[in-house]
file my_file15.csv (CSV, C-alpha atoms and all ligand atoms)
chain,number,residue,atom,x,y,z
S,1443,ARG,CA,-9.6,-13.0,-12.7
S,1444,TYR,CA,-7.5,-10.9,-10.2
S,1445,LYS,CA,-7.2,-11.3,-6.4
S,1446,ALA,CA,-5.9,-7.8,-5.7
S,1447,VAL,CA,-5.3,-4.4,-7.2
S,1448,ILE,CA,-2.3,-2.4,-6.2
S,1449,PHE,CA,-2.4,1.4,-6.8
S,1450,ASP,CA,0.4,3.9,-7.0
S,1451,LEU,CA,-0.3,7.1,-5.0
S,1452,ASP,CA,1.3,10.2,-6.7
S,1453,GLY,CA,-0.4,10.8,-10.0
S,1454,VAL,CA,-3.0,8.0,-9.7
S,1455,ILE,CA,-4.9,8.6,-6.5
S,1456,THR,CA,-4.1,12.4,-6.3
S,1457,ASP,CA,-2.2,14.9,-8.3
S,1458,THR,CA,0.8,15.2,-6.0
S,1459,ALA,CA,2.9,14.4,-9.1
S,1460,HIS,CA,2.3,18.1,-10.0
S,1461,TYR,CA,3.5,19.2,-6.5
S,1462,HIS,CA,6.7,17.0,-6.9
S,1463,TYR,CA,7.2,18.7,-10.3
S,1464,LEU,CA,6.8,22.2,-8.9
S,1465,ALA,CA,9.2,21.5,-6.0
S,1466,TRP,CA,11.9,19.9,-8.2
S,1467,LYS,CA,11.5,22.7,-10.8
S,1468,ARG,CA,12.2,25.3,-8.2
S,1469,LEU,CA,15.2,23.3,-6.8
S,1470,ALA,CA,16.7,22.8,-10.3
S,1471,GLU,CA,16.3,26.4,-11.2
S,1472,SER,CA,17.9,27.5,-8.0
S,1473,GLU,CA,21.0,25.5,-9.1
S,1474,GLY,CA,20.8,26.9,-12.7
S,1475,LEU,CA,19.9,23.5,-14.1
S,1476,PRO,CA,17.4,22.9,-17.0
S,1477,PHE,CA,14.0,21.5,-16.0
S,1478,ASP,CA,10.8,20.8,-18.0
S,1479,GLU,CA,7.8,18.5,-18.1
S,1480,ALA,CA,9.5,16.0,-20.4
S,1481,PHE,CA,12.5,15.6,-18.1
S,1482,ASN,CA,10.1,15.4,-15.1
S,1483,GLU,CA,8.6,12.2,-16.6
S,1484,HIS,CA,11.9,10.4,-15.8
S,1485,LEU,CA,11.5,11.4,-12.1
S,1486,LYS,CA,8.0,10.1,-11.6
S,1487,GLY,CA,8.0,7.2,-9.2
S,1488,VAL,CA,11.8,7.6,-8.6
S,1489,ASP,CA,12.7,8.2,-4.9
S,1490,ARG,CA,13.9,11.5,-3.5
S,1491,MET,CA,17.7,11.0,-3.7
S,1492,GLY,CA,17.4,9.1,-7.0
S,1493,SER,CA,15.5,12.0,-8.5
S,1494,LEU,CA,18.0,14.6,-7.2
S,1495,GLU,CA,20.9,12.6,-8.7
S,1496,LEU,CA,19.1,12.7,-12.1
S,1497,ILE,CA,18.6,16.5,-11.9
S,1498,LEU,CA,22.2,17.2,-10.8
S,1499,ALA,CA,23.6,15.0,-13.6
S,1500,GLN,CA,22.1,17.7,-16.0
S,1501,GLY,CA,24.9,20.0,-14.9
S,1502,SER,CA,28.7,19.6,-14.8
S,1503,ARG,CA,29.4,20.6,-11.2
S,1504,SER,CA,29.9,17.9,-8.5
S,1505,TYR,CA,28.1,18.0,-5.2
S,1506,SER,CA,29.2,16.7,-1.8
S,1507,GLN,CA,27.0,14.3,0.0
S,1508,GLU,CA,26.2,17.0,2.5
S,1509,GLU,CA,25.2,19.4,-0.2
S,1510,LYS,CA,23.0,16.8,-1.8
S,1511,LEU,CA,21.2,16.1,1.5
S,1512,ALA,CA,20.6,19.8,2.0
S,1513,LEU,CA,19.1,20.1,-1.5
S,1514,ALA,CA,16.9,17.1,-1.1
S,1515,ASP,CA,15.7,18.5,2.2
S,1516,ALA,CA,15.0,21.9,0.7
S,1517,LYS,CA,12.9,20.2,-2.0
S,1518,ASN,CA,11.0,18.2,0.6
S,1519,ARG,CA,10.3,21.3,2.7
S,1520,HIS,CA,8.7,23.0,-0.3
S,1521,TYR,CA,6.8,19.8,-1.2
S,1522,VAL,CA,5.5,19.4,2.4
S,1523,GLU,CA,4.3,23.1,2.2
S,1524,LEU,CA,2.4,22.3,-1.0
S,1525,ILE,CA,0.7,19.2,0.3
S,1526,ALA,CA,-0.3,20.8,3.5
S,1527,THR,CA,-3.2,22.5,1.7
S,1528,MET,CA,-4.7,19.2,0.4
S,1529,THR,CA,-8.1,18.0,1.4
S,1530,PRO,CA,-10.4,15.1,0.6
S,1531,ALA,CA,-11.5,17.1,-2.5
S,1532,ASP,CA,-8.1,16.4,-4.0
S,1533,VAL,CA,-8.8,12.7,-4.6
S,1534,LEU,CA,-8.8,12.5,-8.4
S,1535,PRO,CA,-12.1,11.9,-10.2
S,1536,GLY,CA,-12.9,8.2,-10.5
S,1537,VAL,CA,-10.7,7.0,-7.7
S,1538,LEU,CA,-13.3,6.4,-5.1
S,1539,ASP,CA,-15.5,4.6,-7.6
S,1540,ALA,CA,-12.5,2.4,-8.6
S,1541,LEU,CA,-11.7,1.5,-5.0
S,1542,ALA,CA,-15.4,0.7,-4.4
S,1543,GLU,CA,-15.5,-1.5,-7.5
S,1544,VAL,CA,-12.5,-3.4,-6.5
S,1545,ARG,CA,-13.8,-3.8,-3.0
S,1546,ALA,CA,-17.2,-5.0,-4.2
S,1547,ALA,CA,-15.5,-7.6,-6.4
S,1548,GLY,CA,-14.0,-9.0,-3.2
S,1549,MET,CA,-10.4,-8.3,-4.1
S,1550,GLY,CA,-7.6,-7.0,-1.9
S,1551,ILE,CA,-6.5,-3.3,-2.2
S,1552,GLY,CA,-2.9,-2.3,-1.9
S,1553,LEU,CA,-1.0,1.0,-2.2
S,1554,ALA,CA,2.6,1.1,-3.4
S,1555,SER,CA,4.4,4.5,-3.1
S,1556,VAL,CA,8.1,5.1,-2.7
S,1557,SER,CA,7.3,8.4,-1.0
S,1558,LYS,CA,8.2,9.1,2.6
S,1559,ASN,CA,5.2,11.4,2.7
S,1560,ALA,CA,2.7,8.7,1.6
S,1561,PHE,CA,0.8,8.4,4.9
S,1562,THR,CA,0.6,12.2,5.3
S,1563,VAL,CA,-1.0,12.4,1.9
S,1564,LEU,CA,-3.4,9.5,2.6
S,1565,ASP,CA,-4.4,11.2,5.8
S,1566,LYS,CA,-4.9,14.6,4.2
S,1567,LEU,CA,-7.2,12.8,1.6
S,1568,GLY,CA,-9.0,10.9,4.4
S,1569,ILE,CA,-8.6,7.6,2.6
S,1570,ARG,CA,-6.0,5.6,4.5
S,1571,ASP,CA,-8.6,3.1,5.7
S,1572,ARG,CA,-9.6,2.1,2.2
S,1573,PHE,CA,-6.4,0.2,1.6
S,1574,ASP,CA,-5.8,-3.2,3.1
S,1575,GLN,CA,-2.0,-2.8,2.8
S,1576,VAL,CA,0.2,0.3,2.3
S,1577,VAL,CA,3.8,-0.1,1.3
S,1578,ASP,CA,5.8,3.1,1.4
S,1579,ALA,CA,9.5,4.1,1.5
S,1580,ALA,CA,10.0,2.8,5.0
S,1581,LEU,CA,9.4,-0.8,3.9
S,1582,ILE,CA,11.6,-1.1,0.8
S,1583,ALA,CA,15.3,-0.9,-0.1
S,1584,ASN,CA,14.9,-0.3,-3.8
S,1585,SER,CA,12.9,2.5,-5.5
S,1586,LYS,CA,10.7,1.9,-8.6
S,1587,PRO,CA,11.6,0.8,-11.3
S,1588,HIS,CA,12.8,-2.1,-9.2
S,1589,PRO,CA,9.9,-4.6,-8.6
S,1590,GLU,CA,10.4,-4.8,-4.9
S,1591,ILE,CA,7.6,-2.4,-3.9
S,1592,PHE,CA,4.9,-4.2,-5.9
S,1593,LEU,CA,6.2,-7.6,-4.8
S,1594,THR,CA,6.1,-6.5,-1.1
S,1595,ALA,CA,2.6,-5.2,-1.5
S,1596,ALA,CA,1.5,-8.6,-3.1
S,1597,ARG,CA,3.2,-10.5,-0.3
S,1598,GLN,CA,1.5,-8.4,2.4
S,1599,LEU,CA,-1.9,-8.9,0.7
S,1600,GLY,CA,-1.2,-12.6,0.7
S,1601,VAL,CA,-1.6,-13.0,-3.1
S,1602,ASP,CA,0.5,-14.2,-5.9
S,1603,PRO,CA,2.0,-11.4,-8.1
S,1604,LYS,CA,0.5,-12.9,-11.2
S,1605,ASP,CA,-3.0,-12.5,-9.7
S,1606,CYS,CA,-2.4,-8.8,-9.2
S,1607,LEU,CA,-3.3,-5.7,-11.3
S,1608,GLY,CA,-1.0,-2.7,-10.8
S,1609,VAL,CA,-2.1,0.9,-11.6
S,1610,GLU,CA,0.6,3.5,-12.4
S,1611,ASP,CA,1.1,6.9,-14.0
S,1612,ALA,CA,4.9,6.6,-14.2
S,1613,VAL,CA,7.3,4.9,-16.7
S,1614,ALA,CA,9.4,3.7,-13.7
S,1615,GLY,CA,6.2,2.5,-11.9
S,1616,VAL,CA,4.9,0.5,-14.9
S,1617,ALA,CA,8.4,-1.2,-15.2
S,1618,SER,CA,8.1,-2.1,-11.5
S,1619,ILE,CA,4.7,-3.7,-12.0
S,1620,LYS,CA,5.8,-5.6,-15.2
S,1621,ASP,CA,9.0,-6.9,-13.6
S,1622,ALA,CA,7.0,-8.1,-10.6
S,1623,GLY,CA,5.1,-10.3,-13.0
S,1624,MET,CA,1.8,-8.4,-12.7
S,1625,VAL,CA,-0.6,-6.9,-15.3
S,1626,ALA,CA,-0.2,-3.1,-15.6
S,1627,VAL,CA,-2.8,-0.4,-16.2
S,1628,GLY,CA,-1.1,2.9,-17.1
S,1629,VAL,CA,-2.8,6.2,-16.4
S,1630,GLY,CA,-1.6,8.7,-18.9
S,1631,SER,CA,-0.5,8.5,-22.5
S,1632,PRO,CA,0.2,5.2,-24.4
S,1633,GLU,CA,3.2,6.9,-26.1
S,1634,VAL,CA,4.8,7.4,-22.7
S,1635,LEU,CA,3.7,4.3,-20.9
S,1636,THR,CA,4.8,1.9,-23.6
S,1637,ARG,CA,5.2,-1.2,-21.3
S,1638,ALA,CA,1.6,-1.0,-19.8
S,1639,ASP,CA,-0.8,-3.7,-20.8
S,1640,TYR,CA,-3.7,-1.2,-20.9
S,1641,VAL,CA,-3.6,2.6,-20.8
S,1642,ILE,CA,-6.4,4.9,-19.7
S,1643,PRO,CA,-6.3,8.7,-19.9
S,1644,SER,CA,-7.4,9.2,-16.3
S,1645,MET,CA,-8.8,7.2,-13.3
S,1646,ALA,CA,-12.3,8.3,-14.4
S,1647,ARG,CA,-12.0,5.7,-17.1
S,1648,PHE,CA,-11.0,2.8,-14.8
S,1649,ARG,CA,-13.2,-0.2,-15.3
S,1650,LEU,CA,-12.1,-3.4,-13.6
S,1651,GLY,CA,-14.0,-5.6,-16.2
S,1652,ASP,CA,-11.9,-4.2,-19.0
S,1653,TYR,CA,-8.6,-5.8,-17.8
S,1701,LIG,C1,6.6,9.4,-5.5
S,1701,LIG,C2,6.8,10.3,-6.7
S,1701,LIG,C3,8.2,10.7,-6.9
S,1701,LIG,C4,8.9,11.1,-5.7
S,1701,LIG,C5,8.8,9.9,-4.7
S,1701,LIG,C6,9.5,10.2,-3.4
S,1701,LIG,O1,6.5,8.1,-5.8
S,1701,LIG,O2,6.3,9.7,-7.9
S,1701,LIG,O3,8.3,11.7,-7.9
S,1701,LIG,O4,10.3,11.5,-5.9
S,1701,LIG,O5,7.5,9.6,-4.4
S,1701,LIG,O6,8.7,11.1,-2.6
S,1701,LIG,P1,9.2,11.8,-1.3
S,1701,LIG,O7,10.2,12.8,-1.6
S,1701,LIG,O8,7.9,12.4,-0.7
S,1701,LIG,O9,9.8,10.7,-0.4
S,1701,LIG,P2,5.2,7.2,-6.0
S,1701,LIG,O10,5.7,5.8,-5.9
S,1701,LIG,O11,4.1,7.5,-5.0
S,1701,LIG,O12,4.8,7.6,-7.4
S,1702,MG,MG,3.0,8.0,-9.5

call {"tool": "encode", "arguments": {"input": "my_file15.csv", "output": "structure tokens", "more": "lines below"}}
Ligand code: G16
Ligand code: MG
result
Amino acid sequence: RYKAVIFDLDGVITDTAHYHYLAWKRLAESEGLPFDEAFNEHLKGVDRMGSLELILAQGSRSYSQEEKLALADAKNRHYVELIATMTPADVLPGVLDALAEVRAAGMGIGLASVSKNAFTVLDKLGIRDRFDQVVDAALIANSKPHPEIFLTAARQLGVDPKDCLGVEDAVAGVASIKDAGMVAVGVGSPEVLTRADYVIPSMARFRLGDY
């Protein structure tokens, strides 16, 4: 039924979503701003400066562009430190089987991540060559929830968006998939990922034939 499957990176392929959370939490606390798991859900899939804006909006003080860039840079340095320890063992359970299942079905495989660190993470995991096309921050102007990133991945794969399945753990990412005209598989909780067509608790439950 589908011609390609396009996967998100952070939170789907590997648990970098947790590293982003830790790095933003430290940053927020250093500025005396509130931060918890529930608030973090809004940041998933949102690019670096967009995430920072959401965090700073929790407080009343205004920041110059220079201060914002310094804060974003500090968060990224912490995040890069955290991902430096990653190895191929950090690929989440079920992911390699899912990629093999999609490959065996003769479909294209894409990756859609708004992260500037996407290639670093793929190389740490040793799985860059399993994707036919990778679309990262360098190739797009609009972060998720805008559909641009999934539309770009479909175009690069040479398939129509309606023939694509998108896989995402973030509210913003599911919105991006749906607004691109694709079918969405959410990885997480159905109460959070309300726009997803299907929701699985983890990639270990991914079965192409179910969608
Ligand atoms: C990811 C994360 C976001 C993060 C963004 C930018 O997007 O989900 O939390 O803010 O990348 O990352 P960086 O600061 O490394 O450029 P995705 O699309 O992979 O879920
Ligand atoms: Mg994600």

call {"tool": "closest_atom_pairs", "arguments": {"input": "my_file15.csv", "of": "chain S", "to": "ligand LIG 1701 (chain S)", "cutoff": "8 Å", "atoms": "all atoms listed in the file", "output": "Markdown table"}}
result
| residue | atom | partner | partner_atom | distance |
| --- | --- | --- | --- | --- |
| S:Asp1450 | CA | S:LIG1701 | O11 | 5.5 |
| S:Leu1451 | CA | S:LIG1701 | O11 | 4.4 |
| S:Asp1452 | CA | S:LIG1701 | O11 | 4.2 |
| S:Gly1453 | CA | S:LIG1701 | O12 | 6.6 |
| S:Thr1458 | CA | S:LIG1701 | C2 | 7.8 |
| S:Ala1459 | CA | S:LIG1701 | O2 | 5.9 |
| S:His1462 | CA | S:LIG1701 | O3 | 5.6 |
| S:Tyr1463 | CA | S:LIG1701 | O3 | 7.5 |
| S:Leu1485 | CA | S:LIG1701 | O3 | 5.3 |
| S:Lys1486 | CA | S:LIG1701 | O3 | 4.0 |
| S:Gly1487 | CA | S:LIG1701 | O2 | 3.3 |
| S:Val1488 | CA | S:LIG1701 | O4 | 5.0 |
| S:Asp1489 | CA | S:LIG1701 | C6 | 4.1 |
| S:Arg1490 | CA | S:LIG1701 | O4 | 4.3 |
| S:Met1491 | CA | S:LIG1701 | O4 | 7.7 |
| S:Gly1492 | CA | S:LIG1701 | O4 | 7.6 |
| S:Ser1493 | CA | S:LIG1701 | O4 | 5.8 |
| S:Ala1514 | CA | S:LIG1701 | O7 | 8.0 |
| S:Lys1517 | CA | S:LIG1701 | O7 | 7.9 |
| S:Asn1518 | CA | S:LIG1701 | O7 | 5.9 |
| S:Tyr1521 | CA | S:LIG1701 | O8 | 7.5 |
| S:Ala1554 | CA | S:LIG1701 | O10 | 6.2 |
| S:Ser1555 | CA | S:LIG1701 | O10 | 3.3 |
| S:Val1556 | CA | S:LIG1701 | O10 | 4.1 |
| S:Ser1557 | CA | S:LIG1701 | O6 | 3.4 |
| S:Lys1558 | CA | S:LIG1701 | O9 | 3.8 |
| S:Asn1559 | CA | S:LIG1701 | O8 | 4.5 |
| S:Ala1560 | CA | S:LIG1701 | O8 | 6.8 |
| S:Asp1578 | CA | S:LIG1701 | O10 | 7.8 |
| S:Ala1579 | CA | S:LIG1701 | O9 | 6.9 |
| S:Ser1585 | CA | S:LIG1701 | O10 | 7.9 |
| S:Lys1586 | CA | S:LIG1701 | O10 | 6.9 |
| S:Glu1610 | CA | S:LIG1701 | O12 | 7.7 |
| S:Asp1611 | CA | S:LIG1701 | O12 | 7.6 |
| S:Ala1612 | CA | S:LIG1701 | O12 | 6.9 |
| S:Gly1615 | CA | S:LIG1701 | O10 | 6.9 |

call {"tool": "atom_distance", "arguments": {"input": "my_file15.csv", "atom1": "atom CA of Gln1507 of chain S", "atom2": "atom CA of Ala1614 of chain S"}}
result
24.7 Å

call {"tool": "atom_distance", "arguments": {"input": "my_file15.csv", "atom1": "atom CA of Ala1516 of chain S", "atom2": "atom CA of Glu1473 of chain S"}}
result
12.0 Å

call {"tool": "residues_around", "arguments": {"input": "my_file15.csv", "residues": "His1588 of chain S", "least_positions_apart": "2", "cutoff": "10 Å", "atoms": "all atoms listed in the file", "output": "list of chain:residue names"}}
result
S:Val1488, S:Ala1583, S:Asn1584, S:Ser1585, S:Lys1586, S:Glu1590, S:Ile1591, S:Phe1592, S:Leu1593, S:Ala1614, S:Gly1615, S:Ala1617, S:Ser1618, S:Ile1619, S:Lys1620, S:Asp1621, S:Ala1622

call {"tool": "atom_distance", "arguments": {"input": "my_file15.csv", "atom1": "atom CA of Lys1467 of chain S", "atom2": "atom CA of Leu1511 of chain S"}}
result
17.0 Å

call {"tool": "closest_residue", "arguments": {"input": "my_file15.csv", "among": "S:Ala1512, S:Leu1553, S:Ala1595, S:Val1576", "to": "ligand MG 1702 (chain S)", "atoms": "only C-alpha atoms and all ligand atoms"}}
result
S:Leu1553

call {"tool": "closest_residue", "arguments": {"input": "my_file15.csv", "among": "S:Phe1481, S:Tyr1461, S:Tyr1444, S:Tyr1653", "to": "ligand MG 1702 (chain S)", "atoms": "only C-alpha atoms and all ligand atoms"}}
result
S:Tyr1461

call {"tool": "closest_residue", "arguments": {"input": "my_file15.csv", "among": "S:Val1577, S:Ile1551, S:Pro1530, S:Asp1652", "to": "Gly1608 of chain S", "atoms": "all atoms listed in the file"}}
result
S:Ile1551

call {"tool": "residues_near_point", "arguments": {"input": "my_file15.csv", "point": "(18.9, 24.7, -3.5)", "cutoff": "6 Å", "atoms": "all atoms listed in the file", "output": "mmCIF file with C-alpha atoms, keeping the file's coordinate frame"}}
result
data_model
loop_
_atom_site.group_PDB
_atom_site.id
_atom_site.type_symbol
_atom_site.label_atom_id
_atom_site.label_comp_id
_atom_site.auth_asym_id
_atom_site.auth_seq_id
_atom_site.Cartn_x
_atom_site.Cartn_y
_atom_site.Cartn_z
ATOM 1 C CA LEU S 1469 15.200 23.300 -6.800
ATOM 2 C CA SER S 1472 17.900 27.500 -8.000
ATOM 3 C CA LEU S 1513 19.100 20.100 -1.500
#

call {"tool": "closest_residue", "arguments": {"input": "my_file15.csv", "among": "S:Gly1536, S:Leu1524, S:Ala1542, S:Phe1561", "to": "Pro1643 of chain S", "atoms": "only C-alpha atoms"}}
result
S:Gly1536

call {"tool": "residues_near_point", "arguments": {"input": "my_file15.csv", "point": "(23.6, 22.9, -11.7)", "cutoff": "12 Å", "atoms": "all atoms listed in the file", "output": "PyMOL selection string"}}
result
chain S and resi 1469-1477+1494-1505+1510+1513

call {"tool": "residues_around", "arguments": {"input": "my_file15.csv", "residues": "Leu1534 of chain S", "least_positions_apart": "4", "cutoff": "12 Å", "atoms": "all atoms listed in the file", "output": "VMD selection string"}}
result
chain S and resid 1451 to 1459 1528 to 1530 1538 to 1541 1567 1629 1644 to 1648

call {"tool": "build_atoms", "arguments": {"input": "my_file15.csv", "residues": "segment 1502-1523 of chain S", "atoms": "N, CA and C atoms", "output": "JSON list (two decimals), in the frame of the given file"}}
result
[["chain", "number", "residue", "atom", "x", "y", "z"],
["S", 1502, "SER", "N", 27.34, 20.20, -14.74],
["S", 1502, "SER", "CA", 28.70, 19.60, -14.80],
["S", 1502, "SER", "C", 29.36, 19.69, -13.39],
["S", 1503, "ARG", "N", 28.78, 20.45, -12.46],
["S", 1503, "ARG", "CA", 29.40, 20.60, -11.20],
["S", 1503, "ARG", "C", 29.15, 19.37, -10.28],
["S", 1504, "SER", "N", 30.11, 19.03, -9.41],
["S", 1504, "SER", "CA", 29.90, 17.90, -8.50],
["S", 1504, "SER", "C", 29.50, 18.39, -7.13],
["S", 1505, "TYR", "N", 28.68, 17.63, -6.45],
["S", 1505, "TYR", "CA", 28.10, 18.00, -5.20],
["S", 1505, "TYR", "C", 28.59, 17.05, -4.08],
["S", 1506, "SER", "N", 28.90, 17.56, -2.90],
["S", 1506, "SER", "CA", 29.20, 16.70, -1.80],
["S", 1506, "SER", "C", 27.96, 16.01, -1.28],
["S", 1507, "GLN", "N", 28.12, 14.96, -0.52],
["S", 1507, "GLN", "CA", 27.00, 14.30, 0.00],
["S", 1507, "GLN", "C", 26.14, 15.21, 0.92],
["S", 1508, "GLU", "N", 26.86, 16.06, 1.64],
["S", 1508, "GLU", "CA", 26.20, 17.00, 2.50],
["S", 1508, "GLU", "C", 25.34, 18.02, 1.73],
["S", 1509, "GLU", "N", 25.91, 18.51, 0.63],
["S", 1509, "GLU", "CA", 25.20, 19.40, -0.20],
["S", 1509, "GLU", "C", 23.91, 18.75, -0.81],
["S", 1510, "LYS", "N", 24.09, 17.49, -1.20],
["S", 1510, "LYS", "CA", 23.00, 16.80, -1.80],
["S", 1510, "LYS", "C", 21.84, 16.60, -0.76],
["S", 1511, "LEU", "N", 22.21, 16.25, 0.46],
["S", 1511, "LEU", "CA", 21.20, 16.10, 1.50],
["S", 1511, "LEU", "C", 20.46, 17.39, 1.77],
["S", 1512, "ALA", "N", 21.22, 18.49, 1.74],
["S", 1512, "ALA", "CA", 20.60, 19.80, 2.00],
["S", 1512, "ALA", "C", 19.63, 20.16, 0.85],
["S", 1513, "LEU", "N", 20.01, 19.84, -0.39],
["S", 1513, "LEU", "CA", 19.10, 20.10, -1.50],
["S", 1513, "LEU", "C", 17.87, 19.27, -1.48],
["S", 1514, "ALA", "N", 18.04, 17.98, -1.15],
["S", 1514, "ALA", "CA", 16.90, 17.10, -1.10],
["S", 1514, "ALA", "C", 15.95, 17.56, 0.05],
["S", 1515, "ASP", "N", 16.53, 18.04, 1.12],
["S", 1515, "ASP", "CA", 15.70, 18.50, 2.20],
["S", 1515, "ASP", "C", 14.97, 19.79, 1.87],
["S", 1516, "ALA", "N", 15.63, 20.68, 1.12],
["S", 1516, "ALA", "CA", 15.00, 21.90, 0.70],
["S", 1516, "ALA", "C", 13.79, 21.57, -0.24],
["S", 1517, "LYS", "N", 14.01, 20.63, -1.15],
["S", 1517, "LYS", "CA", 12.90, 20.20, -2.00],
["S", 1517, "LYS", "C", 11.75, 19.66, -1.19],
["S", 1518, "ASN", "N", 12.08, 18.82, -0.22],
["S", 1518, "ASN", "CA", 11.00, 18.20, 0.60],
["S", 1518, "ASN", "C", 10.25, 19.25, 1.40],
["S", 1519, "ARG", "N", 10.95, 20.25, 1.92],
["S", 1519, "ARG", "CA", 10.30, 21.30, 2.70],
["S", 1519, "ARG", "C", 9.24, 22.02, 1.83],
["S", 1520, "HIS", "N", 9.65, 22.30, 0.59],
["S", 1520, "HIS", "CA", 8.70, 23.00, -0.30],
["S", 1520, "HIS", "C", 7.55, 22.03, -0.65],
["S", 1521, "TYR", "N", 7.84, 20.76, -0.89],
["S", 1521, "TYR", "CA", 6.80, 19.80, -1.20],
["S", 1521, "TYR", "C", 5.80, 19.65, -0.05],
["S", 1522, "VAL", "N", 6.32, 19.57, 1.17],
["S", 1522, "VAL", "CA", 5.50, 19.40, 2.40],
["S", 1522, "VAL", "C", 4.56, 20.65, 2.52],
["S", 1523, "GLU", "N", 5.12, 21.83, 2.19],
["S", 1523, "GLU", "CA", 4.30, 23.10, 2.20],
["S", 1523, "GLU", "C", 3.16, 22.98, 1.21]]
